[in-house]
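Have a look at upload_2.cif below; it lists mmCIF, C-alpha atoms.
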```cif
data_run
loop_
_atom_site.group_PDB
_atom_site.id
_atom_site.type_symbol
_atom_site.label_atom_id
_atom_site.label_comp_id
_atom_site.auth_asym_id
_atom_site.auth_seq_id
_atom_site.Cartn_x
_atom_site.Cartn_y
_atom_site.Cartn_z
ATOM 1 C CA MET A 1 47.317 34.590 -63.187
ATOM 2 C CA LEU A 2 47.617 33.889 -59.446
ATOM 3 C CA LYS A 3 51.211 32.758 -59.940
ATOM 4 C CA LYS A 4 51.981 35.970 -61.811
ATOM 5 C CA VAL A 5 50.434 38.098 -59.046
ATOM 6 C CA LEU A 6 52.434 36.296 -56.370
ATOM 7 C CA LEU A 7 55.637 36.904 -58.305
ATOM 8 C CA VAL A 8 54.771 40.602 -58.606
ATOM 9 C CA MET A 9 54.169 40.862 -54.853
ATOM 10 C CA ILE A 10 57.474 39.156 -54.077
ATOM 11 C CA SER A 11 59.245 41.520 -56.481
ATOM 12 C CA LEU A 12 57.662 44.562 -54.842
ATOM 13 C CA SER A 13 58.783 43.373 -51.413
ATOM 14 C CA LEU A 14 62.300 43.084 -52.799
ATOM 15 C CA LEU A 15 62.188 46.595 -54.224
ATOM 16 C CA THR A 16 61.141 48.216 -50.961
ATOM 17 C CA THR A 17 63.359 46.453 -48.452
ATOM 18 C CA PRO A 18 66.993 47.231 -47.572
ATOM 19 C CA ASN A 19 67.686 43.624 -46.582
ATOM 20 C CA LEU A 20 66.502 40.232 -47.779
ATOM 21 C CA PHE A 21 67.236 37.006 -45.959
ATOM 22 C CA ALA A 22 65.689 33.631 -46.690
ATOM 23 C CA GLY A 23 63.226 32.229 -44.185
ATOM 24 C CA ASP A 24 62.107 35.570 -42.701
ATOM 25 C CA ASN A 25 58.703 37.168 -42.452
ATOM 26 C CA HIS A 26 58.992 40.273 -44.657
ATOM 27 C CA ALA A 27 55.627 41.919 -44.085
ATOM 28 C CA MET A 28 56.012 45.715 -44.377
ATOM 29 C CA PRO A 29 59.825 45.742 -44.840
ATOM 30 C CA MET A 30 59.673 49.539 -45.131
ATOM 31 C CA LEU A 31 59.280 49.598 -41.343
ATOM 32 C CA ARG A 32 62.980 48.723 -41.060
ATOM 33 C CA MET A 33 64.395 51.160 -43.647
ATOM 34 C CA GLY A 34 65.007 54.097 -41.301
ATOM 35 C CA VAL A 35 64.063 57.774 -41.575
ATOM 36 C CA GLY A 36 65.806 61.141 -41.438
ATOM 37 C CA ALA A 37 68.982 62.113 -43.289
ATOM 38 C CA ARG A 38 70.906 62.796 -40.077
ATOM 39 C CA ALA A 39 70.150 59.393 -38.575
ATOM 40 C CA LEU A 40 70.821 57.515 -41.808
ATOM 41 C CA ALA A 41 74.129 59.336 -42.389
ATOM 42 C CA MET A 42 75.132 58.073 -38.935
ATOM 43 C CA GLY A 43 74.526 54.483 -39.949
ATOM 44 C CA GLY A 44 71.057 54.297 -38.411
ATOM 45 C CA ALA A 45 72.619 54.264 -34.921
ATOM 46 C CA TYR A 46 70.027 56.559 -33.418
ATOM 47 C CA VAL A 47 68.102 54.830 -30.620
ATOM 48 C CA ALA A 48 69.896 56.729 -27.850
ATOM 49 C CA GLU A 49 70.353 59.958 -29.847
ATOM 50 C CA ALA A 50 66.832 60.582 -31.200
ATOM 51 C CA HIS A 51 65.440 63.667 -29.485
ATOM 52 C CA ASP A 52 63.181 65.365 -32.031
ATOM 53 C CA ALA A 53 60.072 64.450 -34.035
ATOM 54 C CA SER A 54 61.943 61.636 -35.806
ATOM 55 C CA ALA A 55 62.143 59.875 -32.444
ATOM 56 C CA GLY A 56 58.616 58.689 -33.150
ATOM 57 C CA TYR A 57 60.258 56.208 -35.516
ATOM 58 C CA TRP A 58 63.609 55.501 -33.801
ATOM 59 C CA ASN A 59 62.635 55.583 -30.131
ATOM 60 C CA PRO A 60 59.345 57.200 -29.035
ATOM 61 C CA ALA A 61 60.840 58.049 -25.641
ATOM 62 C CA GLY A 62 62.956 60.678 -27.384
ATOM 63 C CA ILE A 63 60.038 62.898 -28.346
ATOM 64 C CA ALA A 64 59.833 63.892 -24.670
ATOM 65 C CA GLN A 65 62.980 65.957 -25.328
ATOM 66 C CA ILE A 66 61.259 68.264 -27.828
ATOM 67 C CA ASP A 67 61.307 71.803 -26.425
ATOM 68 C CA PHE A 68 57.996 72.886 -27.969
ATOM 69 C CA ILE A 69 57.288 71.975 -31.610
ATOM 70 C CA HIS A 70 59.438 70.194 -34.167
ATOM 71 C CA ILE A 71 58.485 69.373 -37.770
ATOM 72 C CA THR A 72 60.617 67.346 -40.142
ATOM 73 C CA GLY A 73 60.364 65.562 -43.469
ATOM 74 C CA MET A 74 62.541 63.415 -45.718
ATOM 75 C CA TYR A 75 62.716 62.805 -49.461
ATOM 76 C CA ALA A 76 64.586 59.857 -51.001
ATOM 77 C CA ALA A 77 66.186 60.636 -54.370
ATOM 78 C CA SER A 78 67.672 58.392 -57.083
ATOM 79 C CA MET A 79 66.213 55.164 -55.737
ATOM 80 C CA SER A 80 66.510 52.321 -58.253
ATOM 81 C CA TYR A 81 63.543 50.593 -59.918
ATOM 82 C CA ASP A 82 61.405 53.763 -59.637
ATOM 83 C CA ARG A 83 60.954 53.223 -55.915
ATOM 84 C CA GLN A 84 59.572 55.997 -53.727
ATOM 85 C CA TYR A 85 60.218 56.512 -50.031
ATOM 86 C CA ASN A 86 59.134 59.616 -48.139
ATOM 87 C CA TYR A 87 58.579 60.658 -44.549
ATOM 88 C CA PHE A 88 56.966 63.411 -42.461
ATOM 89 C CA ALA A 89 56.777 63.901 -38.684
ATOM 90 C CA TYR A 90 55.334 66.421 -36.249
ATOM 91 C CA GLY A 91 56.127 66.561 -32.538
ATOM 92 C CA HIS A 92 54.586 68.835 -29.891
ATOM 93 C CA ARG A 93 55.571 69.210 -26.248
ATOM 94 C CA PHE A 94 52.818 69.741 -23.652
ATOM 95 C CA ASP A 95 52.771 69.921 -19.860
ATOM 96 C CA PHE A 96 51.637 66.285 -19.712
ATOM 97 C CA GLY A 97 54.335 65.026 -22.091
ATOM 98 C CA ALA A 98 54.969 65.097 -25.822
ATOM 99 C CA LEU A 99 52.787 63.908 -28.690
ATOM 100 C CA GLY A 100 53.950 62.976 -32.163
ATOM 101 C CA LEU A 101 52.447 62.117 -35.515
ATOM 102 C CA SER A 102 54.507 60.477 -38.272
ATOM 103 C CA TRP A 103 53.846 59.200 -41.779
ATOM 104 C CA ILE A 104 56.039 56.956 -43.918
ATOM 105 C CA GLY A 105 55.142 56.164 -47.516
ATOM 106 C CA ALA A 106 56.886 53.732 -49.866
ATOM 107 C CA GLY A 107 55.943 52.256 -53.215
ATOM 108 C CA VAL A 108 56.455 51.841 -56.921
ATOM 109 C CA ASP A 109 54.356 53.552 -59.632
ATOM 110 C CA GLU A 110 53.432 52.537 -63.177
ATOM 111 C CA ILE A 111 54.301 48.843 -62.924
ATOM 112 C CA LYS A 112 53.431 47.064 -66.162
ATOM 113 C CA GLU A 113 50.991 44.152 -65.879
ATOM 114 C CA TYR A 114 50.759 41.220 -68.321
ATOM 115 C CA ASP A 115 48.657 38.091 -68.408
ATOM 116 C CA ASN A 116 50.056 34.565 -68.839
ATOM 117 C CA SER A 117 50.028 34.912 -72.632
ATOM 118 C CA GLY A 118 52.145 38.066 -72.471
ATOM 119 C CA LYS A 119 49.294 40.442 -73.310
ATOM 120 C CA PHE A 120 49.758 43.902 -71.820
ATOM 121 C CA LEU A 121 46.943 44.664 -69.346
ATOM 122 C CA GLY A 122 47.956 48.144 -68.280
ATOM 123 C CA GLU A 123 49.863 49.673 -65.395
ATOM 124 C CA PHE A 124 49.317 49.545 -61.656
ATOM 125 C CA ASP A 125 50.773 51.064 -58.484
ATOM 126 C CA ASN A 126 51.980 49.636 -55.201
ATOM 127 C CA MET A 127 51.848 51.842 -52.097
ATOM 128 C CA ASP A 128 52.502 51.113 -48.430
ATOM 129 C CA ASN A 129 51.763 53.652 -45.685
ATOM 130 C CA VAL A 130 52.555 53.783 -41.992
ATOM 131 C CA PHE A 131 51.010 56.235 -39.519
ATOM 132 C CA LEU A 132 52.591 56.529 -36.074
ATOM 133 C CA PHE A 133 50.855 58.149 -33.104
ATOM 134 C CA SER A 134 53.471 58.731 -30.397
ATOM 135 C CA TYR A 135 53.578 59.726 -26.744
ATOM 136 C CA GLY A 136 56.662 60.322 -24.595
ATOM 137 C CA ASN A 137 57.306 61.677 -21.109
ATOM 138 C CA GLU A 138 59.748 61.763 -18.203
ATOM 139 C CA VAL A 139 59.332 59.182 -15.456
ATOM 140 C CA GLY A 140 61.878 59.825 -12.750
ATOM 141 C CA LYS A 141 65.321 59.708 -14.370
ATOM 142 C CA PHE A 142 63.992 57.878 -17.413
ATOM 143 C CA LEU A 143 62.267 58.939 -20.597
ATOM 144 C CA VAL A 144 59.562 56.526 -21.733
ATOM 145 C CA GLY A 145 57.467 56.473 -24.879
ATOM 146 C CA ALA A 146 55.123 54.380 -26.976
ATOM 147 C CA ASN A 147 53.611 54.310 -30.472
ATOM 148 C CA PHE A 148 50.313 53.115 -31.817
ATOM 149 C CA LYS A 149 50.736 52.463 -35.528
ATOM 150 C CA VAL A 150 48.382 51.924 -38.430
ATOM 151 C CA VAL A 151 49.796 50.277 -41.548
ATOM 152 C CA THR A 152 48.198 49.965 -44.969
ATOM 153 C CA GLN A 153 49.248 48.032 -48.051
ATOM 154 C CA LYS A 154 47.624 48.444 -51.465
ATOM 155 C CA ILE A 155 48.338 47.140 -54.956
ATOM 156 C CA ASP A 156 46.141 48.566 -57.740
ATOM 157 C CA TYR A 157 46.389 45.827 -60.364
ATOM 158 C CA SER A 158 43.471 44.164 -62.190
ATOM 159 C CA ASP A 159 42.536 42.213 -59.041
ATOM 160 C CA SER A 160 43.294 44.908 -56.484
ATOM 161 C CA TYR A 161 44.822 43.908 -53.157
ATOM 162 C CA SER A 162 44.399 45.990 -49.999
ATOM 163 C CA GLU A 163 45.145 45.274 -46.334
ATOM 164 C CA THR A 164 45.236 47.316 -43.110
ATOM 165 C CA GLY A 165 46.783 46.459 -39.765
ATOM 166 C CA VAL A 166 47.883 47.904 -36.432
ATOM 167 C CA GLY A 167 50.822 47.504 -34.065
ATOM 168 C CA PHE A 168 52.780 48.989 -31.201
ATOM 169 C CA ASP A 169 56.276 50.236 -30.313
ATOM 170 C CA CYS A 170 57.781 51.264 -27.000
ATOM 171 C CA GLY A 171 61.078 52.778 -25.929
ATOM 172 C CA PHE A 172 63.207 54.033 -23.037
ATOM 173 C CA LYS A 173 66.065 56.520 -22.696
ATOM 174 C CA PHE A 174 68.395 57.255 -19.813
ATOM 175 C CA ASP A 175 71.177 59.809 -19.388
ATOM 176 C CA ALA A 176 73.870 57.852 -17.566
ATOM 177 C CA SER A 177 75.992 61.028 -17.357
ATOM 178 C CA ASP A 178 76.571 64.266 -19.233
ATOM 179 C CA GLU A 179 78.706 62.284 -21.698
ATOM 180 C CA ILE A 180 76.659 59.084 -22.150
ATOM 181 C CA ALA A 181 73.027 58.418 -23.082
ATOM 182 C CA LEU A 182 71.460 54.965 -23.336
ATOM 183 C CA GLY A 183 68.381 53.868 -25.243
ATOM 184 C CA VAL A 184 66.221 50.792 -25.807
ATOM 185 C CA ALA A 185 63.452 50.397 -28.374
ATOM 186 C CA PHE A 186 61.068 47.522 -29.060
ATOM 187 C CA ARG A 187 59.360 47.980 -32.399
ATOM 188 C CA ASP A 188 56.512 46.177 -34.142
ATOM 189 C CA LEU A 189 55.146 44.411 -31.101
ATOM 190 C CA GLY A 190 52.115 42.525 -32.378
ATOM 191 C CA THR A 191 52.077 44.381 -35.706
ATOM 192 C CA LYS A 192 50.012 42.561 -38.326
ATOM 193 C CA VAL A 193 48.972 43.357 -41.901
ATOM 194 C CA GLY A 194 46.167 41.085 -42.959
ATOM 195 C CA ASP A 195 47.312 37.577 -42.043
ATOM 196 C CA ASP A 196 51.004 38.504 -42.024
ATOM 197 C CA ARG A 197 52.738 39.360 -38.771
ATOM 198 C CA VAL A 198 55.610 41.843 -38.971
ATOM 199 C CA PRO A 199 58.748 40.555 -37.207
ATOM 200 C CA ALA A 200 59.475 42.371 -33.963
ATOM 201 C CA ASN A 201 62.594 44.535 -33.895
ATOM 202 C CA TYR A 202 64.704 44.990 -30.725
ATOM 203 C CA LEU A 203 67.346 47.725 -30.488
ATOM 204 C CA PHE A 204 69.832 48.708 -27.791
ATOM 205 C CA GLY A 205 71.909 51.850 -28.248
ATOM 206 C CA ALA A 206 74.357 54.305 -26.728
ATOM 207 C CA ALA A 207 75.346 57.868 -27.588
ATOM 208 C CA ILE A 208 78.656 59.310 -26.390
ATOM 209 C CA TYR A 209 79.595 63.014 -26.274
ATOM 210 C CA PRO A 210 83.341 63.036 -25.454
ATOM 211 C CA LEU A 211 84.043 66.638 -26.485
ATOM 212 C CA TYR A 212 81.978 69.650 -27.447
ATOM 213 C CA GLY A 213 80.750 69.201 -31.017
ATOM 214 C CA PHE A 214 81.445 65.462 -31.209
ATOM 215 C CA THR A 215 78.824 62.707 -31.084
ATOM 216 C CA PHE A 216 79.408 58.979 -31.437
ATOM 217 C CA THR A 217 76.569 56.461 -31.534
ATOM 218 C CA THR A 218 76.200 52.705 -31.678
ATOM 219 C CA ASP A 219 73.177 50.379 -31.865
ATOM 220 C CA VAL A 220 72.784 46.621 -31.665
ATOM 221 C CA GLU A 221 69.718 45.328 -33.508
ATOM 222 C CA LYS A 222 67.965 41.968 -33.266
ATOM 223 C CA ILE A 223 65.181 41.105 -35.698
ATOM 224 C CA GLU A 224 62.802 38.348 -34.722
ATOM 225 C CA LYS A 225 63.488 34.986 -36.391
ATOM 226 C CA ARG A 226 67.043 35.960 -37.322
ATOM 227 C CA SER A 227 69.888 34.444 -35.354
ATOM 228 C CA GLU A 228 72.446 37.115 -36.263
ATOM 229 C CA LEU A 229 72.756 40.576 -34.772
ATOM 230 C CA LYS A 230 73.069 43.772 -36.797
ATOM 231 C CA PHE A 231 75.462 46.510 -35.704
ATOM 232 C CA HIS A 232 75.187 50.222 -36.460
ATOM 233 C CA PHE A 233 77.868 52.836 -35.817
ATOM 234 C CA GLY A 234 77.839 56.574 -36.414
ATOM 235 C CA GLY A 235 79.754 59.752 -35.762
ATOM 236 C CA GLU A 236 79.154 63.476 -36.139
ATOM 237 C CA TYR A 237 81.218 66.617 -35.785
ATOM 238 C CA THR A 238 79.368 69.936 -35.490
ATOM 239 C CA TYR A 239 81.098 73.296 -35.828
ATOM 240 C CA GLU A 240 79.449 76.384 -34.357
ATOM 241 C CA PHE A 241 79.926 79.509 -36.458
ATOM 242 C CA SER A 242 77.735 81.540 -34.099
ATOM 243 C CA PRO A 243 74.932 80.738 -31.619
ATOM 244 C CA ASP A 244 72.418 80.289 -34.461
ATOM 245 C CA TYR A 245 74.617 78.852 -37.237
ATOM 246 C CA PHE A 246 76.041 75.323 -37.228
ATOM 247 C CA ALA A 247 77.510 72.953 -39.818
ATOM 248 C CA SER A 248 77.923 69.186 -39.369
ATOM 249 C CA LEU A 249 79.808 66.328 -41.005
ATOM 250 C CA ARG A 250 78.628 62.739 -40.453
ATOM 251 C CA GLY A 251 79.524 59.176 -41.272
ATOM 252 C CA GLY A 252 78.391 55.730 -40.297
ATOM 253 C CA VAL A 253 78.159 52.021 -40.974
ATOM 254 C CA SER A 254 74.858 50.152 -40.999
ATOM 255 C CA ASP A 255 75.516 46.407 -40.817
ATOM 256 C CA GLY A 256 78.538 46.789 -43.110
ATOM 257 C CA ASN A 257 76.998 49.384 -45.449
ATOM 258 C CA PHE A 258 78.628 52.809 -45.410
ATOM 259 C CA ALA A 259 76.892 56.172 -45.250
ATOM 260 C CA ILE A 260 78.081 59.765 -45.178
ATOM 261 C CA GLY A 261 76.313 63.081 -44.875
ATOM 262 C CA CYS A 262 76.300 66.675 -43.768
ATOM 263 C CA GLY A 263 73.971 69.191 -42.214
ATOM 264 C CA LEU A 264 73.407 72.907 -41.859
ATOM 265 C CA GLN A 265 71.460 74.643 -39.117
ATOM 266 C CA ILE A 266 70.447 78.246 -39.617
ATOM 267 C CA TYR A 267 68.482 79.683 -36.745
ATOM 268 C CA LYS A 268 65.512 77.290 -36.353
ATOM 269 C CA PHE A 269 65.924 75.471 -39.664
ATOM 270 C CA ASN A 270 67.886 72.268 -40.282
ATOM 271 C CA LEU A 271 68.866 70.980 -43.717
ATOM 272 C CA ASP A 272 70.457 67.518 -43.767
ATOM 273 C CA TYR A 273 71.793 65.246 -46.490
ATOM 274 C CA ALA A 274 72.811 61.566 -46.503
ATOM 275 C CA TYR A 275 74.388 59.338 -49.132
ATOM 276 C CA ILE A 276 73.667 55.704 -48.325
ATOM 277 C CA THR A 277 74.460 52.332 -49.854
ATOM 278 C CA GLU A 278 71.818 49.653 -49.585
ATOM 279 C CA ALA A 279 72.421 46.148 -48.299
ATOM 280 C CA GLU A 280 71.562 44.456 -51.590
ATOM 281 C CA ASN A 281 74.160 45.358 -54.248
ATOM 282 C CA PHE A 282 71.666 45.532 -57.113
ATOM 283 C CA LEU A 283 69.723 48.250 -55.263
ATOM 284 C CA GLY A 284 72.803 50.477 -55.394
ATOM 285 C CA GLU A 285 73.007 53.763 -53.556
ATOM 286 C CA ASN A 286 70.685 56.724 -53.128
ATOM 287 C CA HIS A 287 70.333 60.099 -51.445
ATOM 288 C CA ARG A 288 68.182 61.277 -48.545
ATOM 289 C CA ILE A 289 67.346 64.931 -47.949
ATOM 290 C CA SER A 290 65.653 66.174 -44.799
ATOM 291 C CA LEU A 291 64.333 69.553 -43.754
ATOM 292 C CA GLY A 292 63.322 70.376 -40.195
ATOM 293 C CA ILE A 293 62.086 73.394 -38.258
ATOM 294 C CA THR A 294 61.895 73.977 -34.524
ATOM 295 C CA PHE A 295 59.517 76.378 -32.799
#
```

In structure tokens, write the structure found in this file.
Amino acid sequence: MLKKVLLVMISLSLLTTPNLFAGDNHAMPMLRMGVGARALAMGGAYVAEAHDASAGYWNPAGIAQIDFIHITGMYAASMSYDRQYNYFAYGHRFDFGALGLSWIGAGVDEIKEYDNSGKFLGEFDNMDNVFLFSYGNEVGKFLVGANFKVVTQKIDYSDSYSETGVGFDCGFKFDASDEIALGVAFRDLGTKVGDDRVPANYLFGAAIYPLYGFTFTTDVEKIEKRSELKFHFGGEYTYEFSPDYFASLRGGVSDGNFAIGCGLQIYKFNLDYAYITEAENFLGENHRISLGITF
């Protein structure tokens, strides 16, 4: 039975991660899947560009750029193997800086369970949750930010498994000029779930604004215990119909995997869509839809 449970847990890790490399620590792989249709359509190159509530995930320094309040959420559609992946974030600017609260949930429902003889034992669910508590502010010419995160992992099979852990992120942003922004983020510093330590994630990014309406972004990512680097590239063109109406086209490459998307802003509302291909071929492609509102 123990062997069967271990195989199930390995399978669930495979179903919820965008990448799988031998010899790595894969605790909470959902932490590296990315959030927000705009960011994902731009290849996940978002460390220097994040400037709304989603910055709590990409680079907590970016939430300091929220004007007052920003709320956003994301739904993942057509994910293979009945996977679920959803996201919600709230950011609020105060005189002393900006605060953010984010939630990410991923899992698989109604997984069939059998014993060693092949007898059907029923169905169970797997669900992972991440809660991010963010703070960002201006310090001289820099924006700085940090997250405190709480992560939970639960599998409701016959011998239920449940673990909770905590961790930290930090980030920095700097406007080198009106045309160039730079960002650095260090994620999952000391993050542990039970006895498993989540590999730290280091990202360095730049955003370039060469002409009005154009944005180009690039990130270099290093995951602890992996020798190779991952590269992310993205681009966006935004057309202004009037001061309160905008439409955007986006495209990007995330470590060799293509993504495209579009967005529409009407007054204070943003609706964004991304079509992404996952790193593992058998996981195929899926769709991300985000809705945001600014106050």

Legend entry - Given the PyMOL selection byres ((chain A and resi 188) around 9), the residues it picks as a PyMOL selection string: chain A and resi 31+149+167-170+186-187+189-192+198-202

Inset, instruction - Tell me, in Å to one decimal, how far atom CA of Lys230 of chain A is from atom CA of Gly256 of chain A. - result: 8.9 Å

Legend entry - d(atom CA of Thr215 of chain A, atom CA of Gly234 of chain A) in Å: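 Between these atoms lies a distance of 8.2 Å.
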
Legend entry - From A:Lys173, A:Lys268, A:His232, A:Arg93, residue lying nearest Tyr245 of chain A [all atoms listed in the file]: A:Lys268

Legend entry - Expected residue set, 7 Å radius at (71.0, 54.1, -46.8), all atoms listed in the file, as a count of residues only: 7

Inset, instruction - I need the residue set behind the PyMOL selection byres ((chain A and resi 44-61) around 7) for this file; please write it as number ranges by chain. - result: A: 34, 36, 39-40, 42-43, 62-66, 70-72, 89-91, 100, 102, 134-137, 143-147, 170-173, 181-185, 204-207, 217-219, 232-234, 254

Inset, instruction - Work out how far atom CA of Val253 of chain A is from atom CA of Phe133 of chain A, in Å to one decimal. - result: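 Calculated distance between atom CA of Phe133 of chain A and atom CA of Val253 of chain A is 29.1 Å.
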
Legend entry - Counting all atoms listed in the file, the residue of A:Phe120, A:Phe174, A:Tyr85, A:Trp103 that sits nearest Thr152 of chain A: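 Ranking A:Phe120, A:Phe174, A:Tyr85, A:Trp103 by distance to Thr152 of chain A, first place goes to A:Trp103.
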
Inset, instruction - Have a look at A:Val193, A:Phe246, A:Gly140, A:Lys154 and name the one nearest to Val166 of chain A; count all atoms listed in the file. - result: A:Val193

Legend entry - Nearest residue to Leu99 of chain A from the set A:Val150, A:Ile69, A:Ala176, A:Met28 (distances using all atoms listed in the file):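 Residue with the minimum atom-to-atom distance to Leu99 of chain A: A:Ile69.
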
Legend entry - Ground truth for the PyMOL selection byres ((chain A and resi 269) around 8), written as an MDAnalysis selection string: chainID A and resid 265:268 270:271 291:294

Inset, instruction - Name the residues within 9 Å of (50.4, 51.0, -49.6), counting all atoms listed in the file in the file's coordinates, and put them as JSON, numbers by chain. - result: {"A": [105, 106, 107, 125, 126, 127, 128, 129, 130, 151, 152, 153, 154, 155, 162, 163]}

Inset, instruction - Measuring atom to atom with only C-alpha atoms, identify which of A:Ala247, A:Met30, A:Ile208, A:Ile104 is nearest to Asn86 of chain A. - result: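 Looking only at the distances to Asn86 of chain A, the closest residue turns out to be A:Ile104.
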
Taking N, CA and C atoms as the atom set, what does segment 95-111 of chain A look like once completed, written as a short mmCIF file (atom, residue, chain, number, x, y, z; two decimals), in the frame of the given file?
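part_12.cif, freshly written:
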```cif
data_model
loop_
_atom_site.label_atom_id
_atom_site.label_comp_id
_atom_site.auth_asym_id
_atom_site.auth_seq_id
_atom_site.Cartn_x
_atom_site.Cartn_y
_atom_site.Cartn_z
N ASP A 95 52.46 70.08 -21.28
CA ASP A 95 52.77 69.92 -19.86
C ASP A 95 52.69 68.46 -19.44
N PHE A 96 51.85 67.69 -20.09
CA PHE A 96 51.64 66.28 -19.71
C PHE A 96 52.53 65.32 -20.51
N GLY A 97 53.46 65.86 -21.28
CA GLY A 97 54.34 65.03 -22.09
C GLY A 97 54.38 65.53 -23.51
N ALA A 98 54.86 64.71 -24.41
CA ALA A 98 54.97 65.10 -25.82
C ALA A 98 54.17 64.14 -26.69
N LEU A 99 53.53 64.69 -27.72
CA LEU A 99 52.79 63.91 -28.69
C LEU A 99 53.45 64.03 -30.06
N GLY A 100 53.37 62.96 -30.83
CA GLY A 100 53.95 62.98 -32.16
C GLY A 100 53.06 62.29 -33.17
N LEU A 101 53.16 62.73 -34.40
CA LEU A 101 52.45 62.12 -35.52
C LEU A 101 53.43 61.96 -36.66
N SER A 102 53.57 60.75 -37.18
CA SER A 102 54.51 60.48 -38.27
C SER A 102 53.83 59.72 -39.39
N TRP A 103 54.32 59.95 -40.60
CA TRP A 103 53.85 59.20 -41.78
C TRP A 103 55.05 58.75 -42.59
N ILE A 104 55.03 57.50 -43.01
CA ILE A 104 56.04 56.96 -43.92
C ILE A 104 55.31 56.36 -45.11
N GLY A 105 55.74 56.71 -46.30
CA GLY A 105 55.14 56.16 -47.52
C GLY A 105 56.19 55.59 -48.44
N ALA A 106 55.95 54.38 -48.95
CA ALA A 106 56.89 53.73 -49.87
C ALA A 106 56.10 53.01 -50.94
N GLY A 107 56.65 52.97 -52.16
CA GLY A 107 55.94 52.26 -53.22
C GLY A 107 56.64 52.36 -54.55
N VAL A 108 55.98 51.82 -55.54
CA VAL A 108 56.46 51.84 -56.92
C VAL A 108 55.26 52.19 -57.80
N ASP A 109 55.43 53.13 -58.73
CA ASP A 109 54.36 53.55 -59.63
C ASP A 109 54.54 52.95 -61.01
N GLU A 110 53.45 52.89 -61.75
CA GLU A 110 53.43 52.54 -63.18
C GLU A 110 54.15 51.22 -63.46
N ILE A 111 53.78 50.19 -62.69
CA ILE A 111 54.30 48.84 -62.92
C ILE A 111 53.48 48.20 -64.04
#
```
